[in-house]
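Shown next, in structure tokens, is the structure this report addresses.
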Amino acid sequence: MAEFTSSKYNRDTFDKIPEEKRTRILSVAIAEFANRGFNNANTNIIAKKAGISVGSLYKYFDTKEDFFLTAVGYGIHQLEKTLEEVLSEDSDLFGKIERILRIIQKHSRENRDIIRLYNEITAEGNSELIRGLSSDMESVSAKVYTSLLAEAKKSGSIGKEVDEKVFAFCIDNLFMILQFSYATEYYRERMKVYLGKDFDNDEKVVKGIMSFIRRALEKK
């Protein structure tokens, strides 16, 4: 399947330090950017929490923007890795979608900073950052979901009238909002408004979404 292949925004010196150190720096950065946003995030605080000097930080990245883009790329890559195994499973389209929904529920709760950082990107007013990320982040999902739907249509398990590109866009948006609903305060409260006491009933949420998707894709 397709792999996450983001543009490289760090210097080669960052690739040469131990993996544990790289992971520590990026994990701290993800939390800081997710909590404070790009403009308010403080690289001095990140460096201190990561146990390095600010001078060292700028040996690894030319600018704060490059540091942010690297942190986002790392965060999104972690989510992509959790989906790779599911997408290579020997199950039908609906089985894979259901597994993805369950992974989203678990992963979003356990990795709130990564999802909140993803959400932060959509709220940023910096158009340069958005342009630098959108292609890297979305191209993998677009190709994978479009391919899955095209294969299901070819095999006859979904209707031939289904536009795989449009539906891939719809299903990716559904996944994205679900991630935000389990990881961010605003979307969690929004979910409560719609679902009431059932907002935390994972099984009911999965069954409801799967019923919606099946009805949309079933052969007429």
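Residues are referred to by chain and number: the chain letter is A, B, ... according to the order shown in the structure tokens, the number counts from 1 in that chain, and ligands are numbered separately from 1 in the order shown.
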Exercise. For range 114-117 of chain A, please output as number ranges by chain all residues within 10 Å (counting only C-alpha atoms; exclusion window: fewer than 6 positions along the same chain).
Key: A: 27, 29-38, 68, 71-72, 74-79, 107-108, 123, 176, 179-185
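Candidate residues A:Asp66, A:Tyr187, A:Ala50, A:Pro18 were compared for distance to Asn119 in chain A, and the nearest is A:Tyr187, using only C-alpha atoms.
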Self-check item: Shell around Thr70 in chain A at 8 Å using only C-alpha atoms, local window under 5 positions removed, as a ChimeraX atom specification
Solution: /A:8-10,26
Self-check item: Given only C-alpha atoms as the counted atoms, nearest of A:Ala41, A:Ser141, A:Lys48, A:Tyr186 to Lys81 in chain A
Solution: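 Between A:Ala41, A:Ser141, A:Lys48, A:Tyr186, the residue approaching Lys81 in chain A most closely is A:Ser141.
With CA of Val166 in chain A on one side and CA of Lys219 in chain A on the other, the separation reads 16.6 Å.
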Quiz item: Which of these, A:Tyr118, A:Tyr145, A:Tyr58, A:Phe212, has the shortest distance to Leu87 in chain A once you count only C-alpha atoms?
Solution: A:Tyr145
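Our summary of the geometry notes that CA of Leu83 in chain A is positioned 16.6 Å from CA of Ile177 in chain A.
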Quiz item: Residues at most 12 Å from Ile171 in chain A, counting only C-alpha atoms, excluding those fewer than 4 positions away in the same chain, as a PyMOL selection string?
Solution: chain A and resi 94+97-98+100-101+141-142+144-146+148-149+164-167+175-178+209-210+212-214+216-217
May I have the residues from that selection written out with N, CA and C atoms, as a compact mmCIF listing (two decimals), in the first residue's frame?
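Full text of selection-v2.txt as output:
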```
# COMPACT_ATOMS: atom_id res chain seq x y z
N PHE A 94 -15.96 -3.31 3.85
CA PHE A 94 -16.69 -2.96 5.07
C PHE A 94 -15.96 -3.44 6.32
N ILE A 97 -13.18 -0.90 6.89
CA ILE A 97 -13.70 0.36 7.40
C ILE A 97 -14.05 0.23 8.88
N GLU A 98 -14.68 -0.87 9.25
CA GLU A 98 -15.04 -1.07 10.67
C GLU A 98 -13.80 -1.14 11.55
N ILE A 100 -10.93 0.26 10.95
CA ILE A 100 -10.38 1.61 11.02
C ILE A 100 -11.14 2.45 12.05
N LEU A 101 -12.45 2.33 12.07
CA LEU A 101 -13.26 3.07 13.04
C LEU A 101 -12.86 2.71 14.47
N SER A 141 -4.02 9.11 2.18
CA SER A 141 -5.40 8.71 2.47
C SER A 141 -6.23 8.71 1.19
N ALA A 142 -6.08 9.73 0.38
CA ALA A 142 -6.86 9.83 -0.86
C ALA A 142 -6.61 8.63 -1.76
N VAL A 144 -5.33 5.62 -0.94
CA VAL A 144 -5.72 4.35 -0.32
C VAL A 144 -7.23 4.16 -0.37
N TYR A 145 -7.99 5.16 0.08
CA TYR A 145 -9.44 5.01 0.13
C TYR A 145 -10.04 4.92 -1.27
N THR A 146 -9.51 5.70 -2.20
CA THR A 146 -10.01 5.63 -3.57
C THR A 146 -9.76 4.26 -4.17
N LEU A 148 -9.36 1.37 -2.51
CA LEU A 148 -10.21 0.38 -1.85
C LEU A 148 -11.62 0.39 -2.44
N LEU A 149 -12.14 1.59 -2.65
CA LEU A 149 -13.49 1.71 -3.20
C LEU A 149 -13.55 1.24 -4.65
N GLU A 164 -15.92 6.71 -6.61
CA GLU A 164 -14.94 6.39 -5.57
C GLU A 164 -14.16 7.60 -5.07
N LYS A 165 -13.92 8.58 -5.92
CA LYS A 165 -13.17 9.76 -5.49
C LYS A 165 -13.98 10.62 -4.53
N VAL A 166 -15.25 10.82 -4.88
CA VAL A 166 -16.12 11.62 -4.01
C VAL A 166 -16.33 10.92 -2.68
N PHE A 167 -16.60 9.61 -2.74
CA PHE A 167 -16.87 8.90 -1.49
C PHE A 167 -15.60 8.76 -0.64
N PHE A 175 -13.80 10.09 9.08
CA PHE A 175 -12.74 9.61 9.97
C PHE A 175 -12.08 10.77 10.73
N MET A 176 -11.83 11.85 10.02
CA MET A 176 -11.16 12.99 10.62
C MET A 176 -11.98 13.59 11.76
N ILE A 177 -13.28 13.81 11.51
CA ILE A 177 -14.15 14.37 12.54
C ILE A 177 -14.26 13.43 13.73
N LEU A 178 -14.28 12.13 13.47
CA LEU A 178 -14.35 11.17 14.57
C LEU A 178 -13.09 11.25 15.44
N ILE A 209 -22.40 4.20 12.40
CA ILE A 209 -21.63 4.69 11.25
C ILE A 209 -21.57 3.63 10.16
N MET A 210 -21.37 2.36 10.56
CA MET A 210 -21.30 1.29 9.56
C MET A 210 -22.63 1.14 8.83
N PHE A 212 -24.74 3.54 8.23
CA PHE A 212 -24.80 4.69 7.33
C PHE A 212 -23.97 4.45 6.07
N ILE A 213 -22.75 3.93 6.26
CA ILE A 213 -21.84 3.69 5.14
C ILE A 213 -22.36 2.58 4.24
N ARG A 214 -22.84 1.50 4.85
CA ARG A 214 -23.36 0.38 4.05
C ARG A 214 -24.53 0.83 3.17
N ALA A 216 -25.13 3.75 2.07
CA ALA A 216 -24.65 4.67 1.03
C ALA A 216 -23.96 3.92 -0.12
N LEU A 217 -23.36 2.77 0.18
CA LEU A 217 -22.55 2.08 -0.81
C LEU A 217 -23.21 0.84 -1.42
```
Quiz item: What residues in chain A get the DSSP label alpha helix (DSSP H)? Please answer as JSON, numbers by chain.
Solution: {"A": [12, 13, 14, 15, 16, 19, 20, 21, 22, 23, 24, 25, 26, 27, 28, 29, 30, 31, 32, 33, 34, 35, 36, 37, 38, 39, 40, 43, 44, 45, 46, 47, 48, 49, 50, 54, 55, 56, 57, 58, 59, 60, 64, 65, 66, 67, 68, 69, 70, 71, 72, 73, 74, 75, 76, 77, 78, 79, 80, 81, 82, 83, 84, 85, 86, 87, 93, 94, 95, 96, 97, 98, 99, 100, 101, 102, 103, 104, 105, 106, 107, 108, 109, 110, 112, 113, 114, 115, 116, 117, 118, 119, 120, 121, 122, 123, 127, 128, 129, 130, 131, 132, 133, 134, 135, 136, 137, 138, 139, 140, 141, 142, 143, 144, 145, 146, 147, 148, 149, 150, 151, 152, 153, 154, 155, 164, 165, 166, 167, 168, 169, 170, 171, 172, 173, 174, 175, 176, 177, 178, 179, 180, 181, 182, 183, 185, 186, 187, 188, 189, 190, 191, 192, 193, 194, 195, 202, 203, 204, 205, 206, 207, 208, 209, 210, 211, 212, 213, 214, 215, 216, 217]}
Quiz prompt | Atom pair CA of Ile104 in chain A / CA of Ser91 in chain A: separation (Å) | solution =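 It comes out at 18.1 Å.
If only C-alpha atoms are the atoms counted, then among A:Ile103, A:Arg190, A:Ile158, A:Arg11 the closest residue to Asp202 in chain A is A:Ile103.
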Practice problem: Measuring atom to atom with only C-alpha atoms, identify which of A:Val28, A:Phe14, A:Thr63, A:Glu20 is nearest to Asp113 in chain A. | Solution: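 Selected residue with least distance to Asp113 in chain A: A:Val28.
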